[in-house]
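File shown: protein39.txt (compact mmCIF, N, CA and C atoms).
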# COMPACT_ATOMS: atom_id res chain seq x y z
N MET A 9 65.33 128.95 -4.82
CA MET A 9 66.47 129.68 -5.32
C MET A 9 67.26 128.84 -6.32
N ILE A 10 67.57 127.60 -5.97
CA ILE A 10 68.24 126.70 -6.90
C ILE A 10 67.19 126.07 -7.79
N ILE A 11 67.44 126.07 -9.08
CA ILE A 11 66.51 125.54 -10.07
C ILE A 11 67.12 124.27 -10.66
N LYS A 12 66.27 123.29 -10.91
CA LYS A 12 66.72 122.04 -11.51
C LYS A 12 66.66 122.15 -13.03
N GLN A 13 67.78 121.87 -13.65
CA GLN A 13 67.90 121.87 -15.09
C GLN A 13 68.04 120.41 -15.54
N LEU A 14 67.39 120.06 -16.61
CA LEU A 14 67.54 118.72 -17.18
C LEU A 14 68.51 118.80 -18.34
N SER A 15 69.45 117.88 -18.38
CA SER A 15 70.42 117.82 -19.47
C SER A 15 70.34 116.45 -20.12
N LEU A 16 70.34 116.43 -21.45
CA LEU A 16 70.27 115.19 -22.21
C LEU A 16 71.31 115.22 -23.32
N PHE A 17 71.89 114.08 -23.61
CA PHE A 17 72.71 113.93 -24.79
C PHE A 17 71.78 113.54 -25.93
N VAL A 18 71.87 114.23 -27.04
CA VAL A 18 71.09 113.88 -28.22
C VAL A 18 72.05 113.67 -29.39
N GLU A 19 71.76 112.65 -30.17
CA GLU A 19 72.60 112.37 -31.34
C GLU A 19 72.56 113.55 -32.30
N ASN A 20 73.66 113.77 -32.95
CA ASN A 20 73.75 114.84 -33.93
C ASN A 20 73.30 114.28 -35.29
N ARG A 21 71.98 114.11 -35.40
CA ARG A 21 71.37 113.60 -36.63
C ARG A 21 69.98 114.22 -36.77
N PRO A 22 69.47 114.29 -37.99
CA PRO A 22 68.13 114.86 -38.19
C PRO A 22 67.08 114.09 -37.38
N GLY A 23 66.20 114.84 -36.71
CA GLY A 23 65.09 114.25 -35.98
C GLY A 23 65.32 113.97 -34.52
N SER A 24 66.59 113.92 -34.08
CA SER A 24 66.83 113.54 -32.68
C SER A 24 66.34 114.60 -31.70
N LEU A 25 66.48 115.86 -32.03
CA LEU A 25 65.98 116.92 -31.16
C LEU A 25 64.45 116.89 -31.10
N ASN A 26 63.84 116.64 -32.24
CA ASN A 26 62.39 116.57 -32.28
C ASN A 26 61.85 115.40 -31.46
N GLU A 27 62.60 114.31 -31.35
CA GLU A 27 62.16 113.18 -30.54
C GLU A 27 61.94 113.61 -29.08
N VAL A 28 62.87 114.40 -28.56
CA VAL A 28 62.74 114.91 -27.19
C VAL A 28 61.52 115.81 -27.09
N CYS A 29 61.41 116.74 -28.01
CA CYS A 29 60.29 117.70 -27.97
C CYS A 29 58.95 117.00 -28.13
N ARG A 30 58.90 115.96 -28.95
CA ARG A 30 57.66 115.22 -29.15
C ARG A 30 57.22 114.50 -27.87
N VAL A 31 58.17 113.91 -27.16
CA VAL A 31 57.83 113.24 -25.89
C VAL A 31 57.23 114.25 -24.93
N LEU A 32 57.83 115.41 -24.83
CA LEU A 32 57.31 116.44 -23.93
C LEU A 32 55.93 116.92 -24.39
N LYS A 33 55.78 117.15 -25.69
CA LYS A 33 54.48 117.57 -26.22
C LYS A 33 53.41 116.54 -25.93
N ASP A 34 53.71 115.28 -26.18
CA ASP A 34 52.73 114.20 -25.98
C ASP A 34 52.31 114.08 -24.52
N ASN A 35 53.12 114.61 -23.60
CA ASN A 35 52.80 114.57 -22.18
C ASN A 35 52.40 115.93 -21.63
N ASN A 36 52.11 116.86 -22.56
CA ASN A 36 51.63 118.21 -22.20
C ASN A 36 52.59 118.93 -21.26
N ILE A 37 53.88 118.83 -21.56
CA ILE A 37 54.92 119.48 -20.76
C ILE A 37 55.55 120.59 -21.59
N ASN A 38 55.56 121.79 -21.03
CA ASN A 38 56.10 122.96 -21.72
C ASN A 38 57.57 123.17 -21.39
N ILE A 39 58.35 123.48 -22.40
CA ILE A 39 59.76 123.87 -22.22
C ILE A 39 59.77 125.38 -21.99
N ASN A 40 60.29 125.82 -20.86
CA ASN A 40 60.35 127.25 -20.58
C ASN A 40 61.52 127.91 -21.30
N THR A 41 62.65 127.25 -21.32
CA THR A 41 63.78 127.71 -22.11
C THR A 41 64.73 126.55 -22.30
N LEU A 42 65.64 126.71 -23.26
CA LEU A 42 66.60 125.64 -23.52
C LEU A 42 67.88 126.20 -24.08
N SER A 43 68.88 125.36 -24.05
CA SER A 43 70.16 125.66 -24.65
C SER A 43 70.64 124.38 -25.32
N LEU A 44 71.22 124.50 -26.50
CA LEU A 44 71.75 123.35 -27.20
C LEU A 44 73.16 123.66 -27.64
N ALA A 45 74.10 122.82 -27.20
CA ALA A 45 75.50 122.94 -27.63
C ALA A 45 75.85 121.64 -28.32
N ASP A 46 76.59 121.73 -29.41
CA ASP A 46 76.86 120.50 -30.13
C ASP A 46 78.34 120.24 -30.33
N THR A 47 78.62 118.97 -30.56
CA THR A 47 79.92 118.52 -31.01
C THR A 47 79.66 117.78 -32.31
N LYS A 48 80.66 117.11 -32.83
CA LYS A 48 80.49 116.41 -34.09
C LYS A 48 79.48 115.27 -34.00
N GLU A 49 79.45 114.59 -32.87
CA GLU A 49 78.65 113.37 -32.77
C GLU A 49 77.37 113.52 -31.95
N PHE A 50 77.32 114.47 -31.03
CA PHE A 50 76.13 114.61 -30.18
C PHE A 50 75.99 116.05 -29.73
N GLY A 51 74.80 116.34 -29.21
CA GLY A 51 74.54 117.65 -28.62
C GLY A 51 74.17 117.49 -27.17
N ILE A 52 74.37 118.54 -26.42
CA ILE A 52 73.91 118.58 -25.03
C ILE A 52 72.74 119.54 -24.99
N LEU A 53 71.58 118.99 -24.72
CA LEU A 53 70.36 119.77 -24.63
C LEU A 53 70.08 120.05 -23.16
N ARG A 54 70.02 121.32 -22.82
CA ARG A 54 69.74 121.74 -21.44
C ARG A 54 68.37 122.39 -21.42
N LEU A 55 67.52 121.91 -20.53
CA LEU A 55 66.13 122.35 -20.48
C LEU A 55 65.76 122.89 -19.11
N LEU A 56 65.03 124.00 -19.08
CA LEU A 56 64.37 124.45 -17.87
C LEU A 56 62.88 124.24 -18.09
N ILE A 57 62.30 123.45 -17.20
CA ILE A 57 60.91 123.03 -17.32
C ILE A 57 60.27 123.14 -15.95
N GLY A 58 59.14 123.79 -15.87
CA GLY A 58 58.45 123.92 -14.59
C GLY A 58 58.14 122.57 -13.97
N GLU A 59 57.73 121.62 -14.76
CA GLU A 59 57.41 120.27 -14.29
C GLU A 59 58.60 119.34 -14.53
N HIS A 60 59.77 119.71 -13.99
CA HIS A 60 60.99 118.97 -14.32
C HIS A 60 60.95 117.51 -13.87
N GLU A 61 60.29 117.21 -12.76
CA GLU A 61 60.23 115.81 -12.29
C GLU A 61 59.41 114.95 -13.25
N LYS A 62 58.27 115.49 -13.68
CA LYS A 62 57.43 114.76 -14.64
C LYS A 62 58.18 114.61 -15.97
N ALA A 63 58.84 115.68 -16.40
CA ALA A 63 59.59 115.63 -17.66
C ALA A 63 60.69 114.58 -17.61
N ARG A 64 61.42 114.57 -16.51
CA ARG A 64 62.49 113.58 -16.37
C ARG A 64 61.93 112.16 -16.45
N LYS A 65 60.84 111.93 -15.77
CA LYS A 65 60.23 110.60 -15.74
C LYS A 65 59.82 110.14 -17.15
N VAL A 66 59.09 110.98 -17.88
CA VAL A 66 58.61 110.56 -19.19
C VAL A 66 59.76 110.42 -20.19
N LEU A 67 60.77 111.26 -20.08
CA LEU A 67 61.92 111.14 -20.98
C LEU A 67 62.70 109.85 -20.71
N GLU A 68 62.90 109.55 -19.43
CA GLU A 68 63.61 108.31 -19.08
C GLU A 68 62.81 107.08 -19.51
N GLU A 69 61.49 107.14 -19.38
CA GLU A 69 60.65 106.03 -19.84
C GLU A 69 60.80 105.77 -21.33
N LYS A 70 61.13 106.82 -22.08
CA LYS A 70 61.32 106.69 -23.54
C LYS A 70 62.78 106.39 -23.90
N GLY A 71 63.61 106.14 -22.89
CA GLY A 71 64.98 105.70 -23.14
C GLY A 71 66.03 106.79 -23.14
N PHE A 72 65.66 108.01 -22.85
CA PHE A 72 66.65 109.08 -22.80
C PHE A 72 67.39 109.05 -21.46
N VAL A 73 68.66 109.34 -21.50
CA VAL A 73 69.44 109.49 -20.28
C VAL A 73 69.37 110.96 -19.89
N VAL A 74 68.83 111.21 -18.70
CA VAL A 74 68.59 112.58 -18.25
C VAL A 74 69.39 112.84 -16.98
N LYS A 75 70.13 113.93 -16.99
CA LYS A 75 70.88 114.33 -15.80
C LYS A 75 70.24 115.59 -15.25
N GLU A 76 70.08 115.64 -13.93
CA GLU A 76 69.53 116.82 -13.28
C GLU A 76 70.69 117.63 -12.70
N THR A 77 70.69 118.92 -12.97
CA THR A 77 71.77 119.81 -12.55
C THR A 77 71.19 121.03 -11.84
N ASP A 78 71.88 121.49 -10.81
CA ASP A 78 71.48 122.71 -10.12
C ASP A 78 72.01 123.92 -10.87
N VAL A 79 71.12 124.86 -11.14
CA VAL A 79 71.50 126.13 -11.77
C VAL A 79 70.83 127.27 -11.01
N LEU A 80 71.31 128.46 -11.26
CA LEU A 80 70.69 129.67 -10.71
C LEU A 80 70.27 130.55 -11.87
N ALA A 81 69.10 131.18 -11.74
CA ALA A 81 68.60 132.11 -12.74
C ALA A 81 68.54 133.49 -12.11
N LEU A 82 69.20 134.42 -12.75
CA LEU A 82 69.29 135.78 -12.20
C LEU A 82 68.78 136.81 -13.18
N PRO A 83 68.10 137.83 -12.66
CA PRO A 83 67.70 138.92 -13.55
C PRO A 83 68.94 139.75 -13.91
N VAL A 84 68.95 140.22 -15.13
CA VAL A 84 70.05 141.09 -15.58
C VAL A 84 69.44 142.19 -16.43
N SER A 85 69.95 143.38 -16.28
CA SER A 85 69.45 144.50 -17.09
C SER A 85 69.69 144.21 -18.56
N ASP A 86 68.64 144.36 -19.34
CA ASP A 86 68.71 144.09 -20.77
C ASP A 86 69.16 145.36 -21.49
N CYS A 87 70.43 145.70 -21.26
CA CYS A 87 71.01 146.91 -21.84
C CYS A 87 72.52 146.71 -21.94
N PRO A 88 73.20 147.55 -22.71
CA PRO A 88 74.66 147.42 -22.79
C PRO A 88 75.29 147.50 -21.39
N GLY A 89 76.10 146.51 -21.05
CA GLY A 89 76.78 146.49 -19.77
C GLY A 89 76.05 145.75 -18.66
N GLY A 90 74.79 145.35 -18.90
CA GLY A 90 74.02 144.66 -17.87
C GLY A 90 74.69 143.37 -17.41
N LEU A 91 75.15 142.57 -18.35
CA LEU A 91 75.82 141.32 -17.99
C LEU A 91 77.17 141.60 -17.35
N ALA A 92 77.90 142.60 -17.83
CA ALA A 92 79.20 142.93 -17.26
C ALA A 92 79.07 143.28 -15.77
N GLU A 93 78.02 144.02 -15.41
CA GLU A 93 77.81 144.36 -14.00
C GLU A 93 77.58 143.12 -13.14
N LEU A 94 76.82 142.18 -13.66
CA LEU A 94 76.56 140.95 -12.93
C LEU A 94 77.84 140.12 -12.79
N LEU A 95 78.59 140.02 -13.87
CA LEU A 95 79.84 139.25 -13.83
C LEU A 95 80.87 139.88 -12.90
N GLU A 96 80.86 141.20 -12.79
CA GLU A 96 81.78 141.88 -11.87
C GLU A 96 81.49 141.47 -10.43
N ALA A 97 80.21 141.27 -10.11
CA ALA A 97 79.86 140.80 -8.76
C ALA A 97 80.45 139.40 -8.52
N PHE A 98 80.41 138.54 -9.53
CA PHE A 98 81.02 137.21 -9.38
C PHE A 98 82.53 137.33 -9.21
N ASP A 99 83.15 138.21 -9.98
CA ASP A 99 84.60 138.40 -9.89
C ASP A 99 85.01 138.87 -8.49
N ARG A 100 84.26 139.80 -7.92
CA ARG A 100 84.58 140.30 -6.58
C ARG A 100 84.56 139.18 -5.54
N ARG A 101 83.74 138.17 -5.76
CA ARG A 101 83.59 137.06 -4.80
C ARG A 101 84.31 135.79 -5.25
N ASN A 102 85.10 135.90 -6.32
CA ASN A 102 85.90 134.78 -6.82
C ASN A 102 85.03 133.56 -7.17
N ILE A 103 83.96 133.80 -7.90
CA ILE A 103 83.02 132.76 -8.30
C ILE A 103 83.27 132.40 -9.76
N SER A 104 83.45 131.11 -10.03
CA SER A 104 83.67 130.63 -11.40
C SER A 104 82.36 130.19 -12.04
N VAL A 105 82.15 130.62 -13.26
CA VAL A 105 80.98 130.24 -14.05
C VAL A 105 81.40 129.11 -14.98
N GLU A 106 80.68 127.98 -14.92
CA GLU A 106 80.97 126.87 -15.83
C GLU A 106 80.36 127.13 -17.20
N TYR A 107 79.08 127.54 -17.21
CA TYR A 107 78.42 127.95 -18.45
C TYR A 107 77.20 128.78 -18.09
N MET A 108 76.66 129.44 -19.12
CA MET A 108 75.49 130.28 -18.92
C MET A 108 74.74 130.41 -20.23
N TYR A 109 73.47 130.74 -20.12
CA TYR A 109 72.66 131.07 -21.28
C TYR A 109 71.57 132.03 -20.84
N ALA A 110 70.92 132.67 -21.79
CA ALA A 110 69.97 133.73 -21.44
C ALA A 110 68.65 133.55 -22.18
N PHE A 111 67.62 134.21 -21.63
CA PHE A 111 66.36 134.33 -22.34
C PHE A 111 65.67 135.60 -21.85
N PRO A 112 64.82 136.20 -22.68
CA PRO A 112 64.13 137.43 -22.26
C PRO A 112 63.07 137.12 -21.22
N SER A 113 62.88 138.02 -20.27
CA SER A 113 61.86 137.80 -19.25
C SER A 113 60.55 138.49 -19.61
N GLY A 114 60.63 139.51 -20.44
CA GLY A 114 59.43 140.26 -20.78
C GLY A 114 58.94 141.15 -19.64
N LYS A 115 59.79 141.34 -18.63
CA LYS A 115 59.39 142.12 -17.46
C LYS A 115 60.38 143.25 -17.20
N GLY A 116 59.94 144.46 -17.39
CA GLY A 116 60.69 145.63 -16.96
C GLY A 116 62.12 145.76 -17.45
N GLY A 117 62.38 145.48 -18.71
CA GLY A 117 63.72 145.68 -19.25
C GLY A 117 64.76 144.72 -18.70
N LYS A 118 64.32 143.56 -18.25
CA LYS A 118 65.24 142.57 -17.69
C LYS A 118 65.27 141.33 -18.58
N ALA A 119 66.41 140.70 -18.59
CA ALA A 119 66.56 139.38 -19.19
C ALA A 119 66.84 138.42 -18.04
N VAL A 120 66.86 137.15 -18.33
CA VAL A 120 67.19 136.15 -17.33
C VAL A 120 68.44 135.42 -17.80
N MET A 121 69.44 135.38 -16.93
CA MET A 121 70.67 134.63 -17.21
C MET A 121 70.64 133.38 -16.34
N VAL A 122 70.87 132.25 -16.95
CA VAL A 122 70.94 130.98 -16.24
C VAL A 122 72.41 130.62 -16.11
N PHE A 123 72.83 130.35 -14.89
CA PHE A 123 74.24 130.06 -14.61
C PHE A 123 74.40 128.69 -13.98
N ARG A 124 75.43 128.00 -14.42
CA ARG A 124 75.92 126.79 -13.77
C ARG A 124 77.27 127.16 -13.18
N PHE A 125 77.41 126.94 -11.88
CA PHE A 125 78.64 127.30 -11.18
C PHE A 125 79.38 126.04 -10.76
N GLU A 126 80.66 126.20 -10.57
CA GLU A 126 81.48 125.11 -10.04
C GLU A 126 80.98 124.70 -8.66
N ASP A 127 80.61 125.69 -7.84
CA ASP A 127 80.10 125.44 -6.49
C ASP A 127 78.85 126.30 -6.30
N THR A 128 77.68 125.69 -6.49
CA THR A 128 76.43 126.43 -6.44
C THR A 128 76.18 127.04 -5.06
N GLY A 129 76.48 126.29 -4.00
CA GLY A 129 76.29 126.81 -2.64
C GLY A 129 77.12 128.06 -2.39
N LYS A 130 78.37 128.03 -2.82
CA LYS A 130 79.25 129.19 -2.67
C LYS A 130 78.72 130.37 -3.49
N ALA A 131 78.19 130.07 -4.66
CA ALA A 131 77.63 131.13 -5.50
C ALA A 131 76.43 131.78 -4.83
N VAL A 132 75.55 130.97 -4.23
CA VAL A 132 74.38 131.51 -3.53
C VAL A 132 74.82 132.44 -2.40
N GLU A 133 75.78 131.99 -1.61
CA GLU A 133 76.29 132.82 -0.50
C GLU A 133 76.87 134.13 -1.02
N ALA A 134 77.66 134.05 -2.07
CA ALA A 134 78.28 135.26 -2.64
C ALA A 134 77.23 136.22 -3.18
N LEU A 135 76.22 135.67 -3.85
CA LEU A 135 75.16 136.53 -4.39
C LEU A 135 74.41 137.25 -3.28
N GLU A 136 74.15 136.54 -2.19
CA GLU A 136 73.49 137.17 -1.04
C GLU A 136 74.33 138.32 -0.49
N LEU A 137 75.64 138.12 -0.40
CA LEU A 137 76.53 139.18 0.08
C LEU A 137 76.54 140.38 -0.87
N GLU A 138 76.31 140.12 -2.14
CA GLU A 138 76.27 141.19 -3.14
C GLU A 138 74.88 141.82 -3.25
N GLY A 139 73.92 141.28 -2.49
CA GLY A 139 72.55 141.81 -2.55
C GLY A 139 71.78 141.38 -3.79
N LEU A 140 72.20 140.28 -4.40
CA LEU A 140 71.54 139.77 -5.61
C LEU A 140 70.71 138.55 -5.26
N LYS A 141 69.49 138.50 -5.77
CA LYS A 141 68.57 137.41 -5.44
C LYS A 141 68.21 136.62 -6.70
N PRO A 142 68.62 135.36 -6.77
CA PRO A 142 68.20 134.53 -7.91
C PRO A 142 66.70 134.27 -7.87
N PHE A 143 66.13 133.99 -9.03
CA PHE A 143 64.73 133.59 -9.11
C PHE A 143 64.57 132.22 -8.48
N ASP A 144 63.39 131.96 -7.93
CA ASP A 144 63.06 130.59 -7.55
C ASP A 144 62.15 130.03 -8.64
N ASP A 145 61.80 128.74 -8.53
CA ASP A 145 60.97 128.08 -9.56
C ASP A 145 59.67 128.84 -9.81
N VAL A 146 59.02 129.27 -8.74
CA VAL A 146 57.71 129.92 -8.87
C VAL A 146 57.83 131.21 -9.66
N GLU A 147 58.80 132.04 -9.31
CA GLU A 147 59.00 133.31 -10.01
C GLU A 147 59.36 133.10 -11.48
N LEU A 148 60.24 132.14 -11.72
CA LEU A 148 60.75 131.93 -13.07
C LEU A 148 59.70 131.37 -14.00
N PHE A 149 58.87 130.45 -13.52
CA PHE A 149 57.96 129.75 -14.40
C PHE A 149 56.53 130.27 -14.42
N LYS A 150 56.28 131.39 -13.71
CA LYS A 150 54.90 131.91 -13.74
C LYS A 150 54.66 132.78 -14.94

Show me, as structure tokens, the structure contained in the file I just sent.
Amino acid sequence: MIIKQLSLFVENRPGSLNEVCRVLKDNNININTLSLADTKEFGILRLLIGEHEKARKVLEEKGFVVKETDVLALPVSDCPGGLAELLEAFDRRNISVEYMYAFPSGKGGKAVMVFRFEDTGKAVEALELEGLKPFDDVELFK
């Protein structure tokens, strides 16, 4: 249910993002999805990778500082209001979202929303009470 996300700081300069991708490519590791947010001096690259332990190891061996974070991935209807319905469930249970990003699932009109919560355990409990089931690693990466 809880998925491990890898986060890296990358310099805000040409080629720095490709350095990360090249390390993963050279080790035959696929990026399932990513998010990149930037500031003036650096970016925060967030990666979901099926082989996250292997990815973390090879990235750290190449000198990257990698942080592992717990996130939840939830299906959301890929239609107007789909995200609003999901967020209303969080509001009813007083759950705070730190950040989120999305990617298409290619399955039955659904997208996948990745959420980082202030308290992941509380979020899991609240989602269960709402009848919502996050993806686990196997479902998400198959």

Inset, instruction - Run DSSP on the backbone and give me the residues of range 48-140 of chain A it puts in helix (DSSP H, G or I), as an NGL selection string. - result: :A and (60-69 or 90-100 or 128-137)

Inset, instruction - Would you mind writing down, as a ChimeraX atom specification, each residue of range 61-114 of chain A that DSSP on the backbone assigns to strand (DSSP E)? - result: /A:74-85,105-114

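Considering the residues A:Leu140, A:Ala131, A:Lys65, A:Lys12 and counting only N, CA and C atoms, Asn102 in chain A has its shortest atom-to-atom contact with A:Ala131.
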
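The space separating CA of Ala134 in chain A from CA of Ser104 in chain A comes to 11.3 Å.
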
Inset, instruction - Mind checking which residues fall within 7 Å of Phe125 in chain A, counting only N, CA and C atoms, ignoring those fewer than 4 positions away in the same chain, and posting them as a list in words? - result: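 Within the cut-off, the hits are Asp78, Val79, Leu80, Ser104, Val105, Glu106, Tyr107 and Ala131 of chain A.
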
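Remark: for Glu19 in chain A, the closest of the candidate residues A:Ile39, A:Val120, A:Leu135, A:Ile52 is A:Ile52 (distances computed over only N, CA and C atoms).
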